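Here is the file start35.cif (mmCIF, C-alpha atoms).
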data_structure
#
loop_
_atom_site.group_PDB
_atom_site.id
_atom_site.type_symbol
_atom_site.label_atom_id
_atom_site.label_comp_id
_atom_site.auth_asym_id
_atom_site.auth_seq_id
_atom_site.Cartn_x
_atom_site.Cartn_y
_atom_site.Cartn_z
ATOM 1 C CA MET L 25 178.111 -61.929 -57.413
ATOM 2 C CA GLU L 26 176.361 -58.678 -56.495
ATOM 3 C CA ALA L 27 172.694 -58.242 -57.179
ATOM 4 C CA ASN L 28 171.826 -56.450 -60.408
ATOM 5 C CA THR L 29 169.920 -53.443 -59.062
ATOM 6 C CA GLY L 30 168.322 -52.699 -62.426
ATOM 7 C CA GLN L 31 167.000 -56.229 -62.693
ATOM 8 C CA LEU L 32 165.715 -56.171 -59.096
ATOM 9 C CA ASP L 33 163.952 -52.850 -59.716
ATOM 10 C CA GLU L 34 162.273 -54.213 -62.845
ATOM 11 C CA ILE L 35 161.096 -57.332 -61.030
ATOM 12 C CA SER L 36 159.880 -55.263 -58.067
ATOM 13 C CA GLU L 37 157.667 -53.154 -60.315
ATOM 14 C CA MET L 38 156.083 -56.266 -61.820
ATOM 15 C CA LEU L 39 155.542 -57.816 -58.377
ATOM 16 C CA LYS L 40 153.224 -54.935 -57.489
ATOM 17 C CA LEU L 41 150.684 -56.615 -59.774
ATOM 18 C CA LEU L 42 150.357 -59.257 -57.041
ATOM 19 C CA GLY L 43 149.266 -56.637 -54.528
ATOM 20 C CA MET L 44 152.642 -56.034 -52.894
ATOM 21 C CA SER L 45 153.656 -52.623 -51.592
ATOM 22 C CA SER L 46 156.871 -51.066 -52.926
ATOM 23 C CA TYR L 47 158.888 -52.230 -49.911
ATOM 24 C CA GLU L 48 157.362 -55.723 -50.055
ATOM 25 C CA ALA L 49 158.146 -56.067 -53.753
ATOM 26 C CA GLN L 50 161.738 -54.905 -53.252
ATOM 27 C CA ALA L 51 162.192 -57.224 -50.272
ATOM 28 C CA PHE L 52 160.735 -60.246 -52.071
ATOM 29 C CA SER L 53 163.039 -59.659 -55.053
ATOM 30 C CA ALA L 54 166.011 -59.513 -52.688
ATOM 31 C CA LEU L 55 164.866 -62.658 -50.874
ATOM 32 C CA ILE L 56 164.634 -64.527 -54.180
ATOM 33 C CA TYR L 57 168.176 -63.385 -54.949
ATOM 34 C CA HIS L 58 169.546 -64.678 -51.629
ATOM 35 C CA GLY L 59 167.352 -67.782 -51.270
ATOM 36 C CA VAL L 60 167.540 -67.600 -47.472
ATOM 37 C CA ALA L 61 168.297 -64.406 -45.569
ATOM 38 C CA ASN L 62 167.552 -62.450 -42.422
ATOM 39 C CA ALA L 63 165.699 -59.150 -42.456
ATOM 40 C CA ASP L 64 168.855 -57.008 -42.315
ATOM 41 C CA THR L 65 170.410 -58.734 -45.317
ATOM 42 C CA VAL L 66 167.206 -58.329 -47.281
ATOM 43 C CA ALA L 67 167.062 -54.644 -46.309
ATOM 44 C CA ASP L 68 170.600 -54.009 -47.546
ATOM 45 C CA THR L 69 170.005 -55.711 -50.897
ATOM 46 C CA ALA L 70 166.525 -54.257 -51.363
ATOM 47 C CA ARG L 71 167.644 -50.764 -50.306
ATOM 48 C CA ILE L 72 164.863 -50.361 -47.773
ATOM 49 C CA PRO L 73 165.237 -49.059 -44.182
ATOM 50 C CA ARG L 74 166.422 -51.685 -41.721
ATOM 51 C CA THR L 75 163.876 -50.351 -39.240
ATOM 52 C CA SER L 76 161.099 -51.429 -41.621
ATOM 53 C CA ALA L 77 162.637 -54.676 -42.855
ATOM 54 C CA TYR L 78 161.301 -57.113 -40.236
ATOM 55 C CA LYS L 79 157.767 -55.734 -40.503
ATOM 56 C CA VAL L 80 157.965 -56.034 -44.294
ATOM 57 C CA MET L 81 159.178 -59.642 -44.088
ATOM 58 C CA GLU L 82 156.384 -60.526 -41.665
ATOM 59 C CA ALA L 83 153.902 -59.031 -44.147
ATOM 60 C CA LEU L 84 155.321 -61.238 -46.909
ATOM 61 C CA VAL L 85 154.896 -64.274 -44.651
ATOM 62 C CA GLN L 86 151.292 -63.283 -43.818
ATOM 63 C CA LYS L 87 150.472 -62.842 -47.516
ATOM 64 C CA GLY L 88 151.906 -66.247 -48.384
ATOM 65 C CA PHE L 89 155.005 -65.133 -50.307
ATOM 66 C CA ALA L 90 157.641 -66.155 -47.751
ATOM 67 C CA LYS L 91 158.214 -68.544 -44.856
ATOM 68 C CA GLU L 92 160.096 -68.167 -41.588
ATOM 69 C CA THR L 93 162.809 -70.669 -40.695
ATOM 70 C CA GLU L 94 163.295 -72.006 -37.182
ATOM 71 C CA GLY L 95 166.082 -70.876 -34.885
ATOM 72 C CA ARG L 96 167.899 -67.634 -34.229
ATOM 73 C CA PRO L 97 168.478 -65.261 -35.867
ATOM 74 C CA LYS L 98 165.154 -65.543 -37.616
ATOM 75 C CA MET L 99 165.629 -66.262 -41.301
ATOM 76 C CA PHE L 100 163.245 -66.109 -44.232
ATOM 77 C CA ARG L 101 162.931 -68.039 -47.472
ATOM 78 C CA PRO L 102 160.567 -67.572 -50.443
ATOM 79 C CA VAL L 103 157.738 -70.017 -51.047
ATOM 80 C CA ASP L 104 157.997 -72.406 -53.983
ATOM 81 C CA LEU L 105 157.825 -70.262 -57.126
ATOM 82 C CA GLY L 106 156.115 -72.977 -59.146
ATOM 83 C CA LYS L 107 153.232 -73.192 -56.685
ATOM 84 C CA LEU L 108 153.069 -69.409 -56.419
ATOM 85 C CA ARG L 109 152.873 -69.044 -60.178
ATOM 86 C CA SER L 110 150.160 -71.703 -60.454
ATOM 87 C CA GLU L 111 148.086 -70.092 -57.694
ATOM 88 C CA TYR L 112 148.177 -66.608 -59.189
ATOM 89 C CA GLN L 113 147.730 -67.889 -62.733
ATOM 90 C CA ASP L 114 144.464 -69.489 -61.620
ATOM 91 C CA ARG L 115 143.345 -66.245 -59.994
ATOM 92 C CA PHE L 116 144.206 -64.116 -63.005
ATOM 93 C CA ASP L 117 142.524 -66.610 -65.332
ATOM 94 C CA LEU L 118 139.360 -66.381 -63.232
ATOM 95 C CA LEU L 119 139.562 -62.578 -63.137
ATOM 96 C CA PHE L 120 139.862 -62.264 -66.917
ATOM 97 C CA LYS L 121 137.119 -64.822 -67.400
ATOM 98 C CA ARG L 122 134.833 -62.620 -65.299
ATOM 99 C CA LEU L 123 135.948 -59.523 -67.180
ATOM 100 C CA LYS L 124 135.110 -61.242 -70.462
ATOM 101 C CA GLU L 125 131.670 -62.103 -69.093
ATOM 102 C CA LEU L 126 131.185 -58.441 -68.190
ATOM 103 C CA GLN L 127 132.223 -57.422 -71.685
ATOM 104 C CA ASP L 128 129.899 -59.955 -73.297
ATOM 105 C CA ALA L 129 127.018 -58.723 -71.132
ATOM 106 C CA VAL L 130 127.031 -55.373 -72.923
ATOM 107 C CA PRO L 131 124.332 -55.556 -75.624
ATOM 108 C CA SER L 132 124.978 -54.379 -79.157
ATOM 109 C CA LYS L 133 121.643 -52.565 -79.139
ATOM 110 C CA GLY L 134 119.491 -50.860 -76.578
ATOM 111 C CA GLU L 135 120.500 -48.942 -73.473
ATOM 112 C CA PRO L 136 124.287 -48.623 -73.006
ATOM 113 C CA GLN L 137 125.730 -50.494 -70.039
ATOM 114 C CA LEU L 138 128.840 -48.537 -69.164
ATOM 115 C CA VAL L 139 131.799 -49.079 -66.890
ATOM 116 C CA TYR L 140 133.292 -45.729 -65.910
ATOM 117 C CA THR L 141 137.016 -45.417 -65.227
ATOM 118 C CA ILE L 142 138.024 -43.184 -62.320
ATOM 119 C CA TYR L 143 141.619 -42.109 -61.678
ATOM 120 C CA GLY L 144 143.185 -40.750 -58.496
ATOM 121 C CA ASN L 145 143.035 -42.138 -54.965
ATOM 122 C CA GLN L 146 140.885 -39.315 -53.596
ATOM 123 C CA LYS L 147 138.367 -39.631 -56.442
ATOM 124 C CA VAL L 148 138.227 -43.403 -55.973
ATOM 125 C CA MET L 149 137.631 -42.917 -52.238
ATOM 126 C CA ALA L 150 134.934 -40.344 -52.960
ATOM 127 C CA LYS L 151 133.123 -42.817 -55.221
ATOM 128 C CA MET L 152 133.404 -45.490 -52.499
ATOM 129 C CA ALA L 153 131.869 -43.049 -50.007
ATOM 130 C CA GLU L 154 129.041 -42.389 -52.445
ATOM 131 C CA MET L 155 128.387 -46.135 -52.778
ATOM 132 C CA VAL L 156 128.275 -46.515 -49.000
ATOM 133 C CA ASN L 157 125.917 -43.552 -48.646
ATOM 134 C CA LEU L 158 123.569 -44.867 -51.353
ATOM 135 C CA ALA L 159 123.394 -48.408 -49.978
ATOM 136 C CA GLU L 160 119.955 -49.333 -48.659
ATOM 137 C CA LYS L 161 120.101 -53.070 -47.930
ATOM 138 C CA GLU L 162 123.534 -54.655 -48.421
ATOM 139 C CA LEU L 163 127.102 -53.487 -48.943
ATOM 140 C CA ILE L 164 129.930 -55.957 -49.625
ATOM 141 C CA ILE L 165 133.534 -54.759 -49.451
ATOM 142 C CA CYS L 166 136.133 -57.329 -50.521
ATOM 143 C CA THR L 167 139.572 -55.836 -49.953
ATOM 144 C CA PRO L 168 143.060 -56.216 -48.473
ATOM 145 C CA LYS L 169 143.027 -52.434 -47.798
ATOM 146 C CA VAL L 170 140.746 -52.506 -44.760
ATOM 147 C CA ARG L 171 142.665 -49.977 -42.694
ATOM 148 C CA GLU L 172 142.643 -47.362 -45.465
ATOM 149 C CA ILE L 173 138.910 -47.795 -46.074
ATOM 150 C CA ARG L 174 138.071 -47.743 -42.354
ATOM 151 C CA THR L 175 140.099 -44.554 -41.929
ATOM 152 C CA GLU L 176 138.604 -42.696 -44.888
ATOM 153 C CA LEU L 177 135.030 -43.970 -44.645
ATOM 154 C CA LYS L 178 134.614 -44.436 -40.885
ATOM 155 C CA LYS L 179 131.588 -42.137 -40.480
ATOM 156 C CA ASN L 180 129.975 -43.284 -43.734
ATOM 157 C CA LEU L 181 130.169 -46.939 -42.668
ATOM 158 C CA GLU L 182 128.938 -46.235 -39.146
ATOM 159 C CA TYR L 183 125.927 -44.349 -40.481
ATOM 160 C CA ALA L 184 125.170 -47.102 -43.024
ATOM 161 C CA ILE L 185 125.146 -49.713 -40.258
ATOM 162 C CA LYS L 186 122.959 -47.502 -38.056
ATOM 163 C CA ARG L 187 120.358 -47.136 -40.778
ATOM 164 C CA GLY L 188 120.121 -50.922 -41.147
ATOM 165 C CA VAL L 189 122.441 -51.666 -44.074
ATOM 166 C CA LYS L 190 124.028 -55.116 -43.861
ATOM 167 C CA VAL L 191 127.751 -54.343 -44.215
ATOM 168 C CA ILE L 192 129.964 -57.315 -45.127
ATOM 169 C CA PHE L 193 133.750 -57.243 -45.243
ATOM 170 C CA VAL L 194 135.813 -59.914 -46.994
ATOM 171 C CA THR L 195 139.358 -59.411 -45.730
ATOM 172 C CA PRO L 196 142.606 -61.233 -44.927
ATOM 173 C CA PRO L 197 142.983 -62.619 -41.396
ATOM 174 C CA ASN L 198 143.812 -60.226 -38.535
ATOM 175 C CA LYS L 199 142.313 -57.175 -40.246
ATOM 176 C CA ARG L 200 140.006 -55.175 -37.990
ATOM 177 C CA VAL L 201 136.610 -54.287 -39.435
ATOM 178 C CA PRO L 202 133.991 -51.796 -38.196
ATOM 179 C CA GLN L 203 131.888 -52.846 -35.237
ATOM 180 C CA ASP L 204 128.665 -54.669 -36.178
ATOM 181 C CA ALA L 205 129.934 -55.467 -39.679
ATOM 182 C CA GLU L 206 129.854 -59.094 -40.816
ATOM 183 C CA VAL L 207 133.280 -60.440 -41.748
ATOM 184 C CA TYR L 208 134.656 -63.266 -43.886
ATOM 185 C CA ARG L 209 138.377 -64.058 -43.876
ATOM 186 C CA LYS L 210 140.202 -64.758 -47.140
ATOM 187 C CA ASP L 211 143.942 -64.833 -47.886
ATOM 188 C CA GLY L 212 145.497 -63.656 -51.117
ATOM 189 C CA LEU L 213 143.215 -60.724 -51.952
ATOM 190 C CA ILE L 214 144.726 -58.314 -54.473
ATOM 191 C CA ALA L 215 142.108 -55.877 -55.724
ATOM 192 C CA THR L 216 139.235 -54.129 -53.957
ATOM 193 C CA ASP L 217 135.706 -55.081 -55.039
ATOM 194 C CA ILE L 218 132.636 -53.277 -53.688
ATOM 195 C CA VAL L 219 129.010 -54.116 -54.443
ATOM 196 C CA SER L 220 126.109 -52.006 -53.182
ATOM 197 C CA ASP L 221 122.587 -53.483 -53.260
ATOM 198 C CA GLN L 222 123.658 -55.644 -56.229
ATOM 199 C CA SER L 223 123.036 -52.560 -58.393
ATOM 200 C CA ARG L 224 126.317 -50.642 -58.150
ATOM 201 C CA ALA L 225 129.817 -52.123 -58.300
ATOM 202 C CA MET L 226 133.449 -51.075 -58.239
ATOM 203 C CA LEU L 227 136.712 -52.861 -59.018
ATOM 204 C CA ALA L 228 139.771 -50.926 -57.785
ATOM 205 C CA GLY L 229 143.454 -51.718 -58.263
ATOM 206 C CA PRO L 230 145.858 -52.757 -55.472
ATOM 207 C CA ASP L 231 146.762 -49.148 -54.612
ATOM 208 C CA MET L 232 143.198 -47.882 -55.097
ATOM 209 C CA ASP L 233 144.432 -45.119 -57.391
ATOM 210 C CA ALA L 234 142.194 -46.226 -60.266
ATOM 211 C CA CYS L 235 138.931 -48.127 -60.527
ATOM 212 C CA GLY L 236 136.140 -49.218 -62.796
ATOM 213 C CA TYR L 237 132.621 -48.310 -61.645
ATOM 214 C CA THR L 238 129.182 -49.263 -62.924
ATOM 215 C CA ASP L 239 125.671 -48.463 -61.776
ATOM 216 C CA ASN L 240 124.120 -50.900 -64.239
ATOM 217 C CA PRO L 241 122.390 -53.721 -62.287
ATOM 218 C CA ALA L 242 123.241 -56.399 -64.885
ATOM 219 C CA LEU L 243 126.963 -55.661 -64.708
ATOM 220 C CA ALA L 244 126.888 -55.162 -60.944
ATOM 221 C CA LEU L 245 125.329 -58.606 -60.564
ATOM 222 C CA HIS L 246 128.326 -60.175 -62.335
ATOM 223 C CA VAL L 247 130.686 -58.506 -59.851
ATOM 224 C CA TYR L 248 128.453 -59.611 -56.975
ATOM 225 C CA GLN L 249 128.592 -63.226 -58.173
ATOM 226 C CA PHE L 250 132.375 -62.990 -58.526
ATOM 227 C CA VAL L 251 132.735 -61.709 -54.954
ATOM 228 C CA ARG L 252 130.469 -64.494 -53.694
ATOM 229 C CA MET L 253 132.795 -67.005 -55.362
ATOM 230 C CA ILE L 254 135.731 -65.444 -53.513
ATOM 231 C CA MET L 255 133.831 -65.827 -50.244
ATOM 232 C CA GLN L 256 133.433 -69.579 -50.735
ATOM 233 C CA GLY L 257 135.759 -71.492 -48.480
ATOM 234 C CA GLU L 258 136.187 -68.507 -46.173
ATOM 235 C CA ILE L 259 137.377 -68.692 -42.557
ATOM 236 C CA ARG L 260 134.854 -67.188 -40.158
#

Show this structure as structure tokens.
Amino acid sequence: MEANTGQLDEISEMLKLLGMSSYEAQAFSALIYHGVANADTVADTARIPRTSAYKVMEALVQKGFAKETEGRPKMFRPVDLGKLRSEYQDRFDLLFKRLKELQDAVPSKGEPQLVYTIYGNQKVMAKMAEMVNLAEKELIICTPKVREIRTELKKNLEYAIKRGVKVIFVTPPNKRVPQDAEVYRKDGLIATDIVSDQSRAMLAGPDMDACGYTDNPALALHVYQFVRMIMQGEIR
């Protein structure tokens, strides 16, 4: 039976919520359909370039969505869906618990404590640059998108480190961070969280094309505590 392309496309769009790229989501859907397959077979079913297929499958393995089988040709199989669902359900439950805490922290009276929504990748990056530039003591960046941030904010980060700001990256393994930055390794990161001096905070989506930003210290502290929880159990 041939794969239902409409169904695969629908599933692929939903898989992006787990932090997958478009190619990764399409490939994972195809791998689920086949059960076990090599990169070329996945590429044909997923309708992605064969030249990109092996790199995409390796990314799925690194992110914990697939496993490699022994022998030649190299084959791939998806991880157990029950365990995957349980793992991400726990993460989403924790995320929404923290969001509820943020919501409950807003008082009914007194000074408003606002979370601003920013749309567009360039505007999100500009706000990140502003947070880096304003940091005086500590800047924590928890993200799977290290390369993009290093590319866009290279000079900002270098200058922050030079002026004595403690820059901390929380990233997946094998991601290169700026020189002299402290690094913690954590698998399974989806969103990008940034906290500057515990007084400004940002939560950006997987593609960093939208974010929530606050400069209220009380709300920023909640994000800071959430990021610190993520850092627990890290690999140095």

### Task
Please provide as a PyMOL selection string all residues within 9 Å of Leu138 in chain L, with the sequence filter that same-chain residues fewer than 4 positions apart are discarded (counting only C-alpha atoms).
chain L and resi 130+237-240+243

Got time to write the residues from that selection, C-alpha atoms, as a compact mmCIF listing (two decimals), in the frame of the given file?
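Just written: again12.txt:
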# COMPACT_ATOMS: atom_id res chain seq x y z
CA VAL L 130 127.03 -55.37 -72.92
CA TYR L 237 132.62 -48.31 -61.64
CA THR L 238 129.18 -49.26 -62.92
CA ASP L 239 125.67 -48.46 -61.78
CA ASN L 240 124.12 -50.90 -64.24
CA LEU L 243 126.96 -55.66 -64.71

### Query
Which of these residues is nearest to Lys87 in chain L, using all atoms listed in the file: L:Gly188, L:Pro241, L:Gly144, L:Pro102?
L:Pro102

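Considering all atoms listed in the file, the residue among L:Pro202, L:Pro168, L:Pro197, L:Gly30 positioned nearest to Gly229 in chain L is L:Pro168.
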
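Atom pair CA of Asp217 in chain L / CA of Cys166 in chain L: separated by 5.1 Å.
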
### Message
Can you pull out the residues contacting range 146-158 of chain L? Cut-off 10 Å, using only C-alpha atoms, and skip same-chain residues under 3 positions away; I want them as an MDAnalysis selection string.
### Response
chainID L and resid 141:143 161:165 172:173 176:185 189 191 218:221 224:226 228 232:237 239

Take the residues just selected and output them with C-alpha atoms as a CSV table (one decimal), keeping the file's coordinate frame.
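result14.csv written:
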chain,number,residue,atom,x,y,z
L,141,THR,CA,137.0,-45.4,-65.2
L,142,ILE,CA,138.0,-43.2,-62.3
L,143,TYR,CA,141.6,-42.1,-61.7
L,161,LYS,CA,120.1,-53.1,-47.9
L,162,GLU,CA,123.5,-54.7,-48.4
L,163,LEU,CA,127.1,-53.5,-48.9
L,164,ILE,CA,129.9,-56.0,-49.6
L,165,ILE,CA,133.5,-54.8,-49.5
L,172,GLU,CA,142.6,-47.4,-45.5
L,173,ILE,CA,138.9,-47.8,-46.1
L,176,GLU,CA,138.6,-42.7,-44.9
L,177,LEU,CA,135.0,-44.0,-44.6
L,178,LYS,CA,134.6,-44.4,-40.9
L,179,LYS,CA,131.6,-42.1,-40.5
L,180,ASN,CA,130.0,-43.3,-43.7
L,181,LEU,CA,130.2,-46.9,-42.7
L,182,GLU,CA,128.9,-46.2,-39.1
L,183,TYR,CA,125.9,-44.3,-40.5
L,184,ALA,CA,125.2,-47.1,-43.0
L,185,ILE,CA,125.1,-49.7,-40.3
L,189,VAL,CA,122.4,-51.7,-44.1
L,191,VAL,CA,127.8,-54.3,-44.2
L,218,ILE,CA,132.6,-53.3,-53.7
L,219,VAL,CA,129.0,-54.1,-54.4
L,220,SER,CA,126.1,-52.0,-53.2
L,221,ASP,CA,122.6,-53.5,-53.3
L,224,ARG,CA,126.3,-50.6,-58.2
L,225,ALA,CA,129.8,-52.1,-58.3
L,226,MET,CA,133.4,-51.1,-58.2
L,228,ALA,CA,139.8,-50.9,-57.8
L,232,MET,CA,143.2,-47.9,-55.1
L,233,ASP,CA,144.4,-45.1,-57.4
L,234,ALA,CA,142.2,-46.2,-60.3
L,235,CYS,CA,138.9,-48.1,-60.5
L,236,GLY,CA,136.1,-49.2,-62.8
L,237,TYR,CA,132.6,-48.3,-61.6
L,239,ASP,CA,125.7,-48.5,-61.8

So what does the PyMOL selection byres ((chain L and resi 61) around 10) actually pick up in this one, as a compact mmCIF listing (two decimals) with C-alpha atoms, in the coordinates of the input?
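Saved the output as out_30.txt:
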# COMPACT_ATOMS: atom_id res chain seq x y z
CA ALA L 54 166.01 -59.51 -52.69
CA LEU L 55 164.87 -62.66 -50.87
CA ILE L 56 164.63 -64.53 -54.18
CA TYR L 57 168.18 -63.38 -54.95
CA HIS L 58 169.55 -64.68 -51.63
CA GLY L 59 167.35 -67.78 -51.27
CA VAL L 60 167.54 -67.60 -47.47
CA ASN L 62 167.55 -62.45 -42.42
CA ALA L 63 165.70 -59.15 -42.46
CA ASP L 64 168.86 -57.01 -42.32
CA THR L 65 170.41 -58.73 -45.32
CA VAL L 66 167.21 -58.33 -47.28
CA ALA L 67 167.06 -54.64 -46.31
CA GLU L 92 160.10 -68.17 -41.59
CA THR L 93 162.81 -70.67 -40.70
CA PRO L 97 168.48 -65.26 -35.87
CA LYS L 98 165.15 -65.54 -37.62
CA MET L 99 165.63 -66.26 -41.30
CA PHE L 100 163.24 -66.11 -44.23
CA ARG L 101 162.93 -68.04 -47.47
CA PRO L 102 160.57 -67.57 -50.44

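Taking CA of Thr167 in chain L and CA of Lys199 in chain L as endpoints, the distance between them is 10.2 Å.
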
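What separates CA of Leu126 in chain L from CA of His246 in chain L is a distance of 6.7 Å.
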
### Task
Identify the residues around (163.5, -51.8, -41.7) within a radius of 12 Å, measuring from all atoms listed in the file in the coordinates stated by the file, and give them as an MDAnalysis selection string.
chainID L and resid 47:48 51 62:82

### Message
With only C-alpha atoms as the counted atoms, please give the residues lying no more than 9 Å from Val201 in chain L, apart from itself and same-chain residues fewer than 5 positions off, as a PyMOL selection string.
### Response
chain L and resi 170-171+174+193+195+206-207

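Between Gly43 in chain L and the candidates L:Leu213, L:Leu105, L:Ala90, L:Met255, the tightest atom-to-atom separation, counting all atoms listed in the file, involves L:Leu213.
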
I need every residue sitting at most 12 Å from the point (141.2, -67.6, -60.1) (coordinates as in the file, all atoms listed in the file considered), written as a PDB file with C-alpha atoms, keeping the file's coordinate frame.
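Writing done, so here's part.pdb:
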ATOM      1  CA  ARG L 109     152.873 -69.044 -60.178  1.00  0.00           C
ATOM      2  CA  SER L 110     150.160 -71.703 -60.454  1.00  0.00           C
ATOM      3  CA  GLU L 111     148.086 -70.092 -57.694  1.00  0.00           C
ATOM      4  CA  TYR L 112     148.177 -66.608 -59.189  1.00  0.00           C
ATOM      5  CA  GLN L 113     147.730 -67.889 -62.733  1.00  0.00           C
ATOM      6  CA  ASP L 114     144.464 -69.489 -61.620  1.00  0.00           C
ATOM      7  CA  ARG L 115     143.345 -66.245 -59.994  1.00  0.00           C
ATOM      8  CA  PHE L 116     144.206 -64.116 -63.005  1.00  0.00           C
ATOM      9  CA  ASP L 117     142.524 -66.610 -65.332  1.00  0.00           C
ATOM     10  CA  LEU L 118     139.360 -66.381 -63.232  1.00  0.00           C
ATOM     11  CA  LEU L 119     139.562 -62.578 -63.137  1.00  0.00           C
ATOM     12  CA  PHE L 120     139.862 -62.264 -66.917  1.00  0.00           C
ATOM     13  CA  LYS L 121     137.119 -64.822 -67.400  1.00  0.00           C
ATOM     14  CA  ARG L 122     134.833 -62.620 -65.299  1.00  0.00           C
ATOM     15  CA  LEU L 123     135.948 -59.523 -67.180  1.00  0.00           C
ATOM     16  CA  GLY L 212     145.497 -63.656 -51.117  1.00  0.00           C
ATOM     17  CA  LEU L 213     143.215 -60.724 -51.952  1.00  0.00           C
ATOM     18  CA  ILE L 214     144.726 -58.314 -54.473  1.00  0.00           C
ATOM     19  CA  PHE L 250     132.375 -62.990 -58.526  1.00  0.00           C
ATOM     20  CA  VAL L 251     132.735 -61.709 -54.954  1.00  0.00           C
ATOM     21  CA  MET L 253     132.795 -67.005 -55.362  1.00  0.00           C
ATOM     22  CA  ILE L 254     135.731 -65.444 -53.513  1.00  0.00           C
TER      23      ILE L 254
END

### Message
Taking all atoms listed in the file into account, name the residue in L:Gln50, L:Lys186, L:Lys91, L:Ser36 that is nearest to Gln203 in chain L.
### Response
L:Lys186

Extending 5 Å beyond the listed atoms of range 95-102 of chain L on each side, what axis-aligned box results? I want centre and edge lengths in Å to one decimal, as JSON.
{"center_x": 164.5, "center_y": -68.1, "center_z": -42.3, "size_x": 17.9, "size_y": 15.6, "size_z": 26.2}
